[in-house]
$ cat structure.txt   # compact mmCIF, C-alpha atoms
# COMPACT_ATOMS: atom_id res chain seq x y z
CA MET A 1 5.00 8.99 3.95
CA ALA A 2 4.86 9.07 0.17
CA ASP A 3 1.09 9.42 0.48
CA GLU A 4 1.41 12.31 2.85
CA HIS A 5 3.72 14.10 0.48
CA ASP A 6 1.44 13.54 -2.52
CA GLN A 7 -1.45 14.92 -0.64
CA GLN A 8 0.31 18.09 0.37
CA THR A 9 1.24 18.60 -3.24
CA ARG A 10 -2.26 17.88 -4.47
CA ARG A 11 -3.92 20.08 -1.91
CA GLY A 12 -1.41 22.91 -1.86
CA PRO A 13 -2.10 25.87 -4.12
CA GLY A 14 0.41 27.12 -6.65
CA ARG A 15 1.56 30.58 -5.62
CA PRO A 16 1.45 32.51 -2.36
CA ARG A 17 -1.05 35.01 -3.76
CA GLN A 18 -3.38 32.22 -4.85
CA ALA A 19 -3.02 30.51 -1.51
CA HIS A 20 -4.17 33.71 0.14
CA VAL A 21 -7.24 33.94 -2.10
CA THR A 22 -8.13 30.29 -1.53
CA ARG A 23 -7.89 30.68 2.20
CA ALA A 24 -9.95 33.87 2.25
CA VAL A 25 -12.69 32.35 0.11
CA LEU A 26 -12.96 29.06 2.01
CA ASP A 27 -12.89 30.87 5.38
CA ALA A 28 -15.71 33.11 4.12
CA VAL A 29 -17.78 30.06 3.13
CA VAL A 30 -17.38 28.44 6.55
CA ASP A 31 -18.16 31.70 8.37
CA LEU A 32 -21.26 32.42 6.30
CA VAL A 33 -22.65 28.90 6.71
CA ALA A 34 -21.96 29.01 10.45
CA GLU A 35 -23.75 32.35 10.78
CA SER A 36 -26.74 31.98 8.49
CA GLY A 37 -27.01 28.45 7.10
CA MET A 38 -26.69 27.07 3.61
CA SER A 39 -29.55 28.97 1.99
CA ALA A 40 -27.85 32.30 2.80
CA LEU A 41 -24.71 31.20 0.97
CA THR A 42 -24.42 32.94 -2.40
CA MET A 43 -21.43 33.56 -4.66
CA ASP A 44 -21.98 37.31 -4.10
CA ALA A 45 -21.93 37.01 -0.33
CA VAL A 46 -18.75 34.90 -0.42
CA ALA A 47 -16.99 37.31 -2.80
CA ALA A 48 -17.93 40.29 -0.63
CA ARG A 49 -16.85 38.63 2.61
CA ALA A 50 -13.57 37.35 1.17
CA GLY A 51 -12.74 40.59 -0.66
CA VAL A 52 -12.21 38.65 -3.89
CA SER A 53 -13.56 39.30 -7.39
CA LYS A 54 -16.31 37.02 -8.59
CA PRO A 55 -14.46 36.06 -11.82
CA ALA A 56 -11.51 34.91 -9.69
CA MET A 57 -13.92 32.75 -7.70
CA TYR A 58 -15.77 31.33 -10.68
CA ARG A 59 -12.51 30.31 -12.32
CA ARG A 60 -11.73 27.94 -9.47
CA TRP A 61 -15.20 27.04 -8.20
CA PRO A 62 -17.77 27.19 -11.00
CA THR A 63 -20.73 26.36 -8.74
CA LYS A 64 -21.83 26.88 -5.17
CA GLN A 65 -21.59 23.12 -4.69
CA ASP A 66 -17.90 23.16 -5.71
CA LEU A 67 -17.31 25.92 -3.20
CA VAL A 68 -19.03 24.07 -0.38
CA ILE A 69 -17.16 20.85 -1.09
CA ALA A 70 -13.83 22.72 -1.21
CA ALA A 71 -14.65 24.40 2.11
CA ALA A 72 -15.63 21.07 3.67
CA GLU A 73 -12.44 19.46 2.41
CA SER A 74 -10.34 22.34 3.80
CA ARG A 75 -11.77 21.53 7.25
CA ILE A 76 -12.34 17.77 7.11
CA GLY A 77 -10.32 16.51 4.18
CA PRO A 78 -8.37 13.28 3.99
CA LEU A 79 -5.97 12.85 6.85
CA ALA A 80 -2.66 11.07 6.40
CA VAL A 81 -1.84 9.51 9.77
CA PRO A 82 1.85 8.57 10.02
CA ASP A 83 2.87 5.01 10.83
CA MET A 84 2.88 4.83 14.64
CA GLY A 85 3.54 1.11 14.81
CA ASP A 86 0.15 0.42 16.39
CA PHE A 87 -3.30 0.36 14.77
CA ARG A 88 -5.21 1.57 17.82
CA ALA A 89 -2.84 4.51 18.30
CA GLU A 90 -3.27 5.49 14.67
CA LEU A 91 -7.05 5.11 14.87
CA ARG A 92 -7.08 7.30 17.99
CA ALA A 93 -4.98 9.95 16.20
CA LEU A 94 -7.32 9.91 13.20
CA LEU A 95 -10.52 10.15 15.25
CA THR A 96 -9.15 12.77 17.64
CA SER A 97 -8.17 14.97 14.75
CA ARG A 98 -11.62 14.47 13.15
CA MET A 99 -13.35 15.23 16.45
CA GLU A 100 -11.41 18.48 16.81
CA ALA A 101 -12.29 19.49 13.26
CA TYR A 102 -15.98 18.64 13.73
CA ARG A 103 -16.19 20.72 16.90
CA ARG A 104 -15.11 23.94 15.15
CA PRO A 105 -17.92 26.45 14.57
CA GLY A 106 -19.88 25.95 11.38
CA VAL A 107 -18.47 22.54 10.50
CA ASP A 108 -21.68 20.72 11.53
CA ARG A 109 -23.78 22.85 9.20
CA LEU A 110 -21.17 22.66 6.47
CA LEU A 111 -21.15 18.85 6.51
CA ALA A 112 -24.95 18.69 6.63
CA GLY A 113 -25.05 21.17 3.76
CA VAL A 114 -22.67 19.14 1.61
CA ILE A 115 -24.80 16.05 2.18
CA GLY A 116 -28.02 17.95 1.58
CA ALA A 117 -26.72 19.29 -1.72
CA ALA A 118 -26.74 15.69 -2.97
CA ALA A 119 -30.53 15.68 -2.54
CA GLU A 120 -31.09 18.62 -4.87
CA ALA A 121 -32.49 18.25 -8.34
CA GLY A 122 -29.75 17.99 -10.92
CA ALA A 123 -27.07 17.66 -8.28
CA GLU A 124 -23.81 16.63 -9.92
CA PRO A 125 -22.46 13.85 -7.71
CA GLY A 126 -19.00 13.88 -9.33
CA ALA A 127 -17.24 16.42 -7.11
CA TYR A 128 -18.77 15.07 -3.92
CA ARG A 129 -17.91 11.48 -4.81
CA ALA A 130 -14.33 12.45 -5.56
CA TYR A 131 -14.03 14.15 -2.18
CA THR A 132 -15.51 11.22 -0.31
CA ALA A 133 -13.31 8.79 -2.28
CA ARG A 134 -10.19 10.65 -1.07
CA VAL A 135 -11.36 10.48 2.54
CA MET A 136 -12.26 6.79 2.34
CA SER A 137 -9.04 5.86 0.58
CA GLU A 138 -6.99 7.29 3.43
CA THR A 139 -9.15 5.43 5.96
CA ARG A 140 -8.69 2.14 4.13
CA HIS A 141 -4.94 2.79 4.01
CA LEU A 142 -4.84 2.82 7.83
CA LEU A 143 -6.54 -0.58 7.96
CA GLU A 144 -4.35 -2.06 5.24
CA ARG A 145 -1.23 -0.92 7.05
CA GLY A 146 -2.56 -2.70 10.16
CA VAL A 147 -3.08 -5.89 8.14
CA ALA A 148 0.46 -5.66 6.75
CA ARG A 149 1.83 -5.03 10.25
CA GLY A 150 -0.25 -7.82 11.80
CA ASP A 151 -2.37 -5.97 14.36
CA VAL A 152 -5.44 -6.02 12.10
CA ARG A 153 -6.95 -9.39 11.12
CA ALA A 154 -5.92 -10.45 7.61
CA ASP A 155 -9.48 -11.54 6.83
CA VAL A 156 -11.12 -8.25 7.80
CA ASP A 157 -13.50 -6.66 5.26
CA VAL A 158 -11.46 -3.46 4.83
CA ASP A 159 -14.22 -1.75 2.90
CA ALA A 160 -16.83 -2.29 5.63
CA ALA A 161 -14.39 -1.52 8.45
CA ALA A 162 -13.41 1.76 6.77
CA THR A 163 -17.09 2.68 6.57
CA LEU A 164 -17.46 2.09 10.32
CA VAL A 165 -14.38 4.21 11.06
CA ALA A 166 -15.50 7.10 8.88
CA ALA A 167 -19.18 6.82 9.87
CA SER A 168 -18.90 6.95 13.64
CA LEU A 169 -18.15 10.61 14.40
CA ALA A 170 -19.84 11.97 11.28
CA PHE A 171 -23.11 10.20 12.15
CA ARG A 172 -22.94 11.26 15.79
CA MET A 173 -22.72 14.86 14.62
CA VAL A 174 -24.94 15.01 11.54
CA GLY A 175 -27.33 12.12 12.22
CA GLU A 176 -27.74 12.39 15.99
CA GLN A 177 -26.99 16.13 16.10
CA ARG A 178 -24.65 15.74 19.05
CA LEU A 179 -21.05 17.00 19.03
CA PRO A 180 -18.57 14.09 19.15
CA ASP A 181 -16.30 14.16 22.21
CA GLU A 182 -13.34 12.32 23.71
CA VAL A 183 -15.57 9.74 25.38
CA LEU A 184 -16.94 8.75 21.97
CA VAL A 185 -13.45 8.66 20.44
CA GLU A 186 -12.13 6.34 23.17
CA SER A 187 -15.15 4.04 22.90
CA VAL A 188 -14.95 3.86 19.12
CA VAL A 189 -11.21 3.09 19.29
CA ASP A 190 -12.01 0.27 21.70
CA LEU A 191 -14.98 -1.07 19.69
CA ILE A 192 -13.26 -0.97 16.30
CA GLY A 193 -10.00 -2.19 17.82
CA ARG A 194 -11.83 -5.30 19.04
CA ALA A 195 -13.78 -5.63 15.77
CA VAL A 196 -10.68 -5.75 13.58
CA GLY A 197 -8.01 -6.86 16.06
CA ASP A 198 -6.19 -10.12 16.02
CA ARG A 199 -7.28 -10.78 19.59
CA PRO A 200 -9.71 -9.12 22.05
CA MET B 1 -43.00 -6.80 22.96
CA ALA B 2 -44.48 -3.99 25.01
CA ASP B 3 -42.24 -1.62 23.03
CA GLU B 4 -43.46 -2.96 19.74
CA HIS B 5 -47.05 -2.47 20.78
CA ASP B 6 -46.47 1.10 21.99
CA GLN B 7 -44.86 1.95 18.75
CA GLN B 8 -47.72 0.67 16.64
CA THR B 9 -50.10 2.73 18.74
CA ARG B 10 -47.93 5.81 18.53
CA ARG B 11 -47.40 5.57 14.82
CA GLY B 12 -50.87 4.44 13.83
CA PRO B 13 -53.30 7.15 12.74
CA GLY B 14 -56.74 7.57 14.32
CA ARG B 15 -59.33 6.68 11.68
CA PRO B 16 -59.24 4.77 8.38
CA ARG B 17 -59.91 7.94 6.39
CA GLN B 18 -57.02 9.75 8.07
CA ALA B 19 -54.77 6.76 7.51
CA HIS B 20 -55.52 7.00 3.82
CA VAL B 21 -54.67 10.71 3.71
CA THR B 22 -51.44 10.19 5.64
CA ARG B 23 -50.34 7.45 3.32
CA ALA B 24 -51.20 9.41 0.17
CA VAL B 25 -49.32 12.49 1.40
CA LEU B 26 -46.18 10.67 2.53
CA ASP B 27 -46.08 8.58 -0.64
CA ALA B 28 -46.34 11.80 -2.65
CA VAL B 29 -43.41 13.31 -0.74
CA VAL B 30 -41.19 10.28 -1.39
CA ASP B 31 -42.17 10.14 -5.08
CA LEU B 32 -41.55 13.85 -5.65
CA VAL B 33 -38.16 13.80 -3.93
CA ALA B 34 -37.17 10.70 -5.89
CA GLU B 35 -38.16 12.31 -9.18
CA SER B 36 -36.97 15.89 -8.79
CA GLY B 37 -35.00 16.37 -5.59
CA MET B 38 -35.66 18.38 -2.47
CA SER B 39 -35.82 21.82 -4.03
CA ALA B 40 -38.78 20.76 -6.20
CA LEU B 41 -40.74 19.73 -3.11
CA THR B 42 -43.45 22.27 -2.29
CA MET B 43 -46.63 22.00 -0.24
CA ASP B 44 -48.58 22.71 -3.46
CA ALA B 45 -46.90 19.92 -5.39
CA VAL B 46 -47.49 17.44 -2.57
CA ALA B 47 -51.16 18.40 -2.22
CA ALA B 48 -51.71 18.07 -5.96
CA ARG B 49 -49.96 14.72 -6.21
CA ALA B 50 -51.73 13.29 -3.15
CA GLY B 51 -55.15 14.66 -4.07
CA VAL B 52 -55.47 16.23 -0.63
CA SER B 53 -56.49 19.75 0.37
CA LYS B 54 -53.73 22.04 1.61
CA PRO B 55 -55.51 22.90 4.87
CA ALA B 56 -55.73 19.17 5.67
CA MET B 57 -51.96 18.94 5.09
CA TYR B 58 -51.05 22.05 7.08
CA ARG B 59 -53.06 20.84 10.06
CA ARG B 60 -50.80 17.82 10.43
CA TRP B 61 -47.53 19.06 8.95
CA PRO B 62 -47.17 22.83 9.42
CA THR B 63 -43.85 23.04 7.52
CA LYS B 64 -42.08 21.34 4.66
CA GLN B 65 -39.51 20.09 7.17
CA ASP B 66 -42.24 18.35 9.21
CA LEU B 67 -43.46 16.69 6.04
CA VAL B 68 -40.01 15.47 5.05
CA ILE B 69 -39.29 14.08 8.50
CA ALA B 70 -42.67 12.30 8.57
CA ALA B 71 -41.96 10.82 5.13
CA ALA B 72 -38.49 9.71 6.22
CA GLU B 73 -39.88 8.15 9.37
CA SER B 74 -42.56 6.31 7.36
CA ARG B 75 -39.74 4.65 5.38
CA ILE B 76 -36.92 4.40 7.92
CA GLY B 77 -38.50 4.87 11.31
CA PRO B 78 -37.61 3.07 14.53
CA LEU B 79 -37.67 -0.67 14.13
CA ALA B 80 -38.69 -2.93 16.98
CA VAL B 81 -36.80 -6.20 16.49
CA PRO B 82 -38.36 -9.04 18.51
CA ASP B 83 -36.26 -10.99 20.98
CA MET B 84 -34.61 -13.75 18.92
CA GLY B 85 -32.46 -15.03 21.74
CA ASP B 86 -29.24 -14.02 19.96
CA PHE B 87 -27.71 -10.56 19.55
CA ARG B 88 -26.12 -11.23 16.17
CA ALA B 89 -29.39 -12.57 14.76
CA GLU B 90 -31.24 -9.50 15.98
CA LEU B 91 -28.55 -7.16 14.60
CA ARG B 92 -28.76 -8.94 11.23
CA ALA B 93 -32.56 -8.57 11.23
CA LEU B 94 -32.29 -4.85 12.04
CA LEU B 95 -29.65 -4.12 9.40
CA THR B 96 -31.30 -6.23 6.71
CA SER B 97 -34.56 -4.39 7.19
CA ARG B 98 -32.72 -1.04 7.08
CA MET B 99 -30.83 -2.06 3.94
CA GLU B 100 -34.07 -3.00 2.20
CA ALA B 101 -35.65 0.33 3.17
CA TYR B 102 -32.59 2.30 2.02
CA ARG B 103 -32.60 0.60 -1.37
CA ARG B 104 -36.13 1.74 -2.22
CA PRO B 105 -36.30 4.54 -4.83
CA GLY B 106 -36.03 8.03 -3.41
CA VAL B 107 -34.97 7.05 0.10
CA ASP B 108 -31.35 8.11 -0.47
CA ARG B 109 -32.41 11.60 -1.51
CA LEU B 110 -35.00 11.77 1.24
CA LEU B 111 -32.44 10.98 3.94
CA ALA B 112 -29.91 13.42 2.47
CA GLY B 113 -32.68 16.01 2.30
CA VAL B 114 -33.64 15.56 5.95
CA ILE B 115 -30.01 15.97 6.96
CA GLY B 116 -29.52 18.94 4.66
CA ALA B 117 -32.55 20.70 6.13
CA ALA B 118 -30.61 20.90 9.39
CA ALA B 119 -28.09 23.13 7.63
CA GLU B 120 -30.64 25.75 6.68
CA ALA B 121 -30.95 29.10 8.35
CA GLY B 122 -33.48 29.03 11.15
CA ALA B 123 -33.87 25.27 10.94
CA GLU B 124 -35.86 24.04 13.93
CA PRO B 125 -33.94 21.00 15.17
CA GLY B 126 -36.78 19.84 17.47
CA ALA B 127 -38.68 17.57 15.09
CA TYR B 128 -35.53 16.06 13.61
CA ARG B 129 -34.02 15.40 17.03
CA ALA B 130 -37.21 13.73 18.21
CA TYR B 131 -37.17 11.44 15.16
CA THR B 132 -33.53 10.53 15.59
CA ALA B 133 -34.05 9.98 19.33
CA ARG B 134 -36.74 7.39 18.57
CA VAL B 135 -34.45 5.55 16.14
CA MET B 136 -31.48 5.59 18.54
CA SER B 137 -33.57 4.49 21.51
CA GLU B 138 -34.67 1.35 19.66
CA THR B 139 -31.05 0.65 18.65
CA ARG B 140 -29.85 0.99 22.25
CA HIS B 141 -32.66 -1.31 23.36
CA LEU B 142 -31.20 -4.09 21.18
CA LEU B 143 -27.81 -3.71 22.85
CA GLU B 144 -29.26 -3.52 26.34
CA ARG B 145 -31.24 -6.70 25.74
CA GLY B 146 -27.98 -8.36 24.69
CA VAL B 147 -26.31 -7.21 27.90
CA ALA B 148 -29.22 -8.55 29.96
CA ARG B 149 -29.09 -11.85 28.06
CA GLY B 150 -25.30 -12.09 28.33
CA ASP B 151 -24.19 -12.13 24.68
CA VAL B 152 -23.16 -8.46 24.77
CA ARG B 153 -20.34 -7.40 27.13
CA ALA B 154 -21.68 -5.81 30.31
CA ASP B 155 -19.04 -3.06 30.12
CA VAL B 156 -19.85 -2.01 26.54
CA ASP B 157 -20.48 1.71 25.92
CA VAL B 158 -24.08 1.27 24.70
CA ASP B 159 -24.30 4.86 23.50
CA ALA B 160 -21.21 4.55 21.26
CA ALA B 161 -22.11 1.04 20.07
CA ALA B 162 -25.61 2.23 19.10
CA THR B 163 -24.03 5.02 17.09
CA LEU B 164 -21.88 2.48 15.19
CA VAL B 165 -24.93 0.29 14.49
CA ALA B 166 -27.07 3.17 13.23
CA ALA B 167 -24.20 4.89 11.39
CA SER B 168 -22.94 2.05 9.23
CA LEU B 169 -25.56 1.71 6.49
CA ALA B 170 -26.68 5.35 6.63
CA PHE B 171 -23.12 6.58 6.09
CA ARG B 172 -22.47 4.08 3.30
CA MET B 173 -25.50 5.47 1.48
CA VAL B 174 -25.46 9.18 2.28
CA GLY B 175 -21.78 9.74 2.99
CA GLU B 176 -20.18 7.40 0.46
CA GLN B 177 -23.12 7.53 -1.97
CA ARG B 178 -23.13 3.79 -2.44
CA LEU B 179 -26.21 1.63 -1.89
CA PRO B 180 -25.75 -0.69 1.11
CA ASP B 181 -25.97 -4.39 0.21
CA GLU B 182 -25.97 -7.81 1.85
CA VAL B 183 -22.18 -8.01 1.84
CA LEU B 184 -22.01 -4.85 3.95
CA VAL B 185 -24.73 -6.12 6.30
CA GLU B 186 -22.89 -9.41 6.91
CA SER B 187 -19.58 -7.64 7.48
CA VAL B 188 -21.10 -5.12 9.87
CA VAL B 189 -22.83 -7.90 11.83
CA ASP B 190 -19.47 -9.65 12.12
CA LEU B 191 -17.53 -6.47 13.04
CA ILE B 192 -20.03 -5.18 15.62
CA GLY B 193 -20.62 -8.71 16.91
CA ARG B 194 -16.89 -8.95 17.68
CA ALA B 195 -16.78 -5.39 19.03
CA VAL B 196 -19.49 -5.92 21.63
CA GLY B 197 -19.40 -9.71 22.06
CA ASP B 198 -18.41 -11.54 25.16
CA ARG B 199 -15.74 -13.41 23.22
CA PRO B 200 -14.18 -13.08 19.76
$ encode --input "structure.txt" --output "structure tokens"
Amino acid sequence: MADEHDQQTRRGPGRPRQAHVTRAVLDAVVDLVAESGMSALTMDAVAARAGVSKPAMYRRWPTKQDLVIAAAESRIGPLAVPDMGDFRAELRALLTSRMEAYRRPGVDRLLAGVIGAAAEAGAEPGAYRAYTARVMSETRHLLERGVARGDVRADVDVDAAATLVAASLAFRMVGEQRLPDEVLVESVVDLIGRAVGDRP
Amino acid sequence: MADEHDQQTRRGPGRPRQAHVTRAVLDAVVDLVAESGMSALTMDAVAARAGVSKPAMYRRWPTKQDLVIAAAESRIGPLAVPDMGDFRAELRALLTSRMEAYRRPGVDRLLAGVIGAAAEAGAEPGAYRAYTARVMSETRHLLERGVARGDVRADVDVDAAATLVAASLAFRMVGEQRLPDEVLVESVVDLIGRAVGDRP
């Protein structure tokens, strides 16, 4: 619960006015990417759509990449799943929430765009790595809580298992270009539950 | 083995001269992406680097996206693993070969670039989907052979399990921006082996 609180604090903007600006800008990014793809995304287009001044935007997001990562994180950021007393239930909650986020319009292109930005010349990996580190840390936390509770094997490779958890739906969507659905969520819960469980 | 043969035939170019051109062009794509990223990749730059005429290139790869997908497939295409009589051994062979391919210079950017291209306006998903379908079909084949042999559960969701197999190393590299290594391969073999195995 401490984690959940920290995250709210970290993610939450300072004042109501600023929260409004943040929301308008990130919504504009997602809408524009959904409508016209990454190459149509410019700082000008975002400012116009959000009704925000460009200096106000540049202060918070100096580059287009920062903007795209912030938009991605607003839709598919780290997810603090509360202790439900059961690893499989928590895994199901995590993946269901991810699936719902992935199925929203524009999120597929947004995620592909964030990944693609890493392939550009001179791409600064810092911001992206920090984002991905937050997501993976929360995923590992779920597994570690299972180990502490006893429904995840103590000898599990948490790092590799967290990669499998985080990879499944993202790869289905971005790699296979198919929208993840409830059938996939249930199967992944079953597969990973067996993979890391104390017994089959 | 029939599959392996088909694939060679499908992938193999017609004449020695054409094979040489194909190789020179795809090598040039990988080198250019490794050196300068996706945005520096132009048909002109590839033609110059490969020492090939542009018309010869356009005949085979009408767009930059076609070229990038062909280059990606030349490095990380479908992989026909022979029947080794044991699912875990075959999974290890598949993932080890993938890991080695992913660790070659430029492949990380190339894969991120292929994915990113899907986020562009007017991106034609056909060629990418066909590529990914070939990769996934070979991955499912491995699981189905295990089911037929009896060392993969008959009730396993082959579609979801294939996604986990294909997702693991690709996500570690492109999503987490860490190079996959032997430790990850061994852990994934163990995790997926337990997930789909007849017994723990």
$ closest_atom_pairs --input "structure.txt" --of "chain A" --to "chain B" --cutoff "7 Å" --atoms "only C-alpha atoms" --output "Markdown table"
| residue | atom | partner | partner_atom | distance |
| --- | --- | --- | --- | --- |
| A:Ser36 | CA | B:Ala121 | CA | 5.1 |
| A:Gly37 | CA | B:Ala121 | CA | 4.2 |
| A:Met38 | CA | B:Glu120 | CA | 5.2 |
| A:Ser39 | CA | B:Glu120 | CA | 5.8 |
| A:Arg109 | CA | B:Ala119 | CA | 4.6 |
| A:Ala112 | CA | B:Gly116 | CA | 5.0 |
| A:Gly113 | CA | B:Gly116 | CA | 5.1 |
| A:Ile115 | CA | B:Ala112 | CA | 5.8 |
| A:Gly116 | CA | B:Gly116 | CA | 3.6 |
| A:Ala117 | CA | B:Gly116 | CA | 7.0 |
| A:Ala118 | CA | B:Ala112 | CA | 6.7 |
| A:Ala119 | CA | B:Arg109 | CA | 4.6 |
| A:Glu120 | CA | B:Gly37 | CA | 4.6 |
| A:Ala121 | CA | B:Gly37 | CA | 4.2 |
| A:Thr132 | CA | B:Glu176 | CA | 6.1 |
| A:Asp157 | CA | B:Ser187 | CA | 6.5 |
| A:Ala160 | CA | B:Leu184 | CA | 6.0 |
| A:Thr163 | CA | B:Arg172 | CA | 6.4 |
| A:Leu164 | CA | B:Ser168 | CA | 5.6 |
| A:Ala167 | CA | B:Phe171 | CA | 5.5 |
| A:Ser168 | CA | B:Leu164 | CA | 5.6 |
| A:Phe171 | CA | B:Ala167 | CA | 5.5 |
| A:Arg172 | CA | B:Thr163 | CA | 6.5 |
| A:Val174 | CA | B:Ile115 | CA | 6.9 |
| A:Glu176 | CA | B:Thr132 | CA | 6.1 |
| A:Leu184 | CA | B:Ala160 | CA | 6.0 |
| A:Ser187 | CA | B:Ala160 | CA | 6.3 |
| A:Val188 | CA | B:Ala160 | CA | 6.7 |
| A:Leu191 | CA | B:Ala195 | CA | 4.7 |
| A:Ile192 | CA | B:Ala195 | CA | 6.3 |
| A:Arg194 | CA | B:Ala195 | CA | 5.0 |
| A:Ala195 | CA | B:Ala195 | CA | 4.4 |
| A:Val196 | CA | B:Leu191 | CA | 6.9 |
| A:Pro200 | CA | B:Pro200 | CA | 6.4 |
$ write_last_selection --input "structure.txt" --atoms "C-alpha atoms" --output "compact mmCIF listing (two decimals), in the coordinates of the input"
# COMPACT_ATOMS: atom_id res chain seq x y z
CA SER A 36 -26.74 31.98 8.49
CA GLY A 37 -27.01 28.45 7.10
CA MET A 38 -26.69 27.07 3.61
CA SER A 39 -29.55 28.97 1.99
CA ARG A 109 -23.78 22.85 9.20
CA ALA A 112 -24.95 18.69 6.63
CA GLY A 113 -25.05 21.17 3.76
CA ILE A 115 -24.80 16.05 2.18
CA GLY A 116 -28.02 17.95 1.58
CA ALA A 117 -26.72 19.29 -1.72
CA ALA A 118 -26.74 15.69 -2.97
CA ALA A 119 -30.53 15.68 -2.54
CA GLU A 120 -31.09 18.62 -4.87
CA ALA A 121 -32.49 18.25 -8.34
CA THR A 132 -15.51 11.22 -0.31
CA ASP A 157 -13.50 -6.66 5.26
CA ALA A 160 -16.83 -2.29 5.63
CA THR A 163 -17.09 2.68 6.57
CA LEU A 164 -17.46 2.09 10.32
CA ALA A 167 -19.18 6.82 9.87
CA SER A 168 -18.90 6.95 13.64
CA PHE A 171 -23.11 10.20 12.15
CA ARG A 172 -22.94 11.26 15.79
CA VAL A 174 -24.94 15.01 11.54
CA GLU A 176 -27.74 12.39 15.99
CA LEU A 184 -16.94 8.75 21.97
CA SER A 187 -15.15 4.04 22.90
CA VAL A 188 -14.95 3.86 19.12
CA LEU A 191 -14.98 -1.07 19.69
CA ILE A 192 -13.26 -0.97 16.30
CA ARG A 194 -11.83 -5.30 19.04
CA ALA A 195 -13.78 -5.63 15.77
CA VAL A 196 -10.68 -5.75 13.58
CA PRO A 200 -9.71 -9.12 22.05
$ atom_distance --input "structure.txt" --atom1 "atom CA of Gln65 of chain B" --atom2 "atom CA of Leu32 of chain A"
22.0 Å
$ closest_residue --input "structure.txt" --among "B:Ser53, B:Arg23, B:Leu143, B:Val29" --to "Phe87 of chain B" --atoms "only C-alpha atoms"
B:Leu143
$ residues_around --input "structure.txt" --residues "Arg98 of chain B" --least-positions-apart "4" --cutoff "9 Å" --atoms "only C-alpha atoms" --output "list in words"
Ile76, Leu79, Ala93, Leu94, Tyr102, Arg103, Leu169 and Ala170 of chain B
$ atom_distance --input "structure.txt" --atom1 "atom CA of Ala28 of chain A" --atom2 "atom CA of Ala80 of chain A"
25.7 Å
$ closest_residue --input "structure.txt" --among "B:Val107, B:Met43, B:Gly77, B:Arg92" --to "Tyr58 of chain B" --atoms "only C-alpha atoms"
B:Met43
$ atom_distance --input "structure.txt" --atom1 "atom CA of Thr63 of chain A" --atom2 "atom CA of Thr22 of chain A"
15.0 Å
$ closest_residue --input "structure.txt" --among "A:Gly85, A:Ser97, A:Ala50, A:Ala19" --to "Val147 of chain A" --atoms "only C-alpha atoms"
A:Gly85
$ residues_near_point --input "structure.txt" --point "(-46.2, 12.1, 3.3)" --cutoff "9 Å" --atoms "only C-alpha atoms" --output "compact mmCIF listing (two decimals) with C-alpha atoms, in the coordinates of the input"
# COMPACT_ATOMS: atom_id res chain seq x y z
CA VAL B 21 -54.67 10.71 3.71
CA THR B 22 -51.44 10.19 5.64
CA ARG B 23 -50.34 7.45 3.32
CA ALA B 24 -51.20 9.41 0.17
CA VAL B 25 -49.32 12.49 1.40
CA LEU B 26 -46.18 10.67 2.53
CA ASP B 27 -46.08 8.58 -0.64
CA ALA B 28 -46.34 11.80 -2.65
CA VAL B 29 -43.41 13.31 -0.74
CA VAL B 30 -41.19 10.28 -1.39
CA VAL B 46 -47.49 17.44 -2.57
CA ALA B 50 -51.73 13.29 -3.15
CA LEU B 67 -43.46 16.69 6.04
CA VAL B 68 -40.01 15.47 5.05
CA ILE B 69 -39.29 14.08 8.50
CA ALA B 70 -42.67 12.30 8.57
CA ALA B 71 -41.96 10.82 5.13
CA ALA B 72 -38.49 9.71 6.22
CA SER B 74 -42.56 6.31 7.36
$ closest_residue --input "structure.txt" --among "B:Leu91, B:Leu142, B:Met99, B:Ala127" --to "Lys64 of chain B" --atoms "all atoms listed in the file"
B:Ala127
$ decode --input "structure.txt" --residues "segment 156-163 of chain B" --atoms "N, CA and C atoms" --output "PDB file, in the first residue's frame"
ATOM      1  N   VAL B 156      -3.078 -27.595 -23.543  1.00  0.00           N
ATOM      2  CA  VAL B 156      -2.419 -26.285 -23.506  1.00  0.00           C
ATOM      3  C   VAL B 156      -3.015 -25.368 -24.593  1.00  0.00           C
ATOM      4  N   ASP B 157      -3.128 -24.088 -24.284  1.00  0.00           N
ATOM      5  CA  ASP B 157      -3.559 -23.095 -25.280  1.00  0.00           C
ATOM      6  C   ASP B 157      -2.326 -22.772 -26.137  1.00  0.00           C
ATOM      7  N   VAL B 158      -2.216 -23.436 -27.274  1.00  0.00           N
ATOM      8  CA  VAL B 158      -1.010 -23.331 -28.118  1.00  0.00           C
ATOM      9  C   VAL B 158      -0.789 -21.895 -28.573  1.00  0.00           C
ATOM     10  N   ASP B 159      -1.876 -21.218 -28.878  1.00  0.00           N
ATOM     11  CA  ASP B 159      -1.796 -19.835 -29.346  1.00  0.00           C
ATOM     12  C   ASP B 159      -1.147 -18.936 -28.276  1.00  0.00           C
ATOM     13  N   ALA B 160      -1.623 -19.055 -27.039  1.00  0.00           N
ATOM     14  CA  ALA B 160      -1.090 -18.223 -25.949  1.00  0.00           C
ATOM     15  C   ALA B 160       0.340 -18.643 -25.598  1.00  0.00           C
ATOM     16  N   ALA B 161       0.591 -19.948 -25.585  1.00  0.00           N
ATOM     17  CA  ALA B 161       1.935 -20.426 -25.239  1.00  0.00           C
ATOM     18  C   ALA B 161       2.947 -19.973 -26.294  1.00  0.00           C
ATOM     19  N   ALA B 162       2.544 -19.974 -27.572  1.00  0.00           N
ATOM     20  CA  ALA B 162       3.443 -19.512 -28.634  1.00  0.00           C
ATOM     21  C   ALA B 162       3.749 -18.024 -28.458  1.00  0.00           C
ATOM     22  N   THR B 163       2.751 -17.275 -28.020  1.00  0.00           N
ATOM     23  CA  THR B 163       2.987 -15.850 -27.766  1.00  0.00           C
ATOM     24  C   THR B 163       4.034 -15.680 -26.665  1.00  0.00           C
TER      25      THR B 163
END
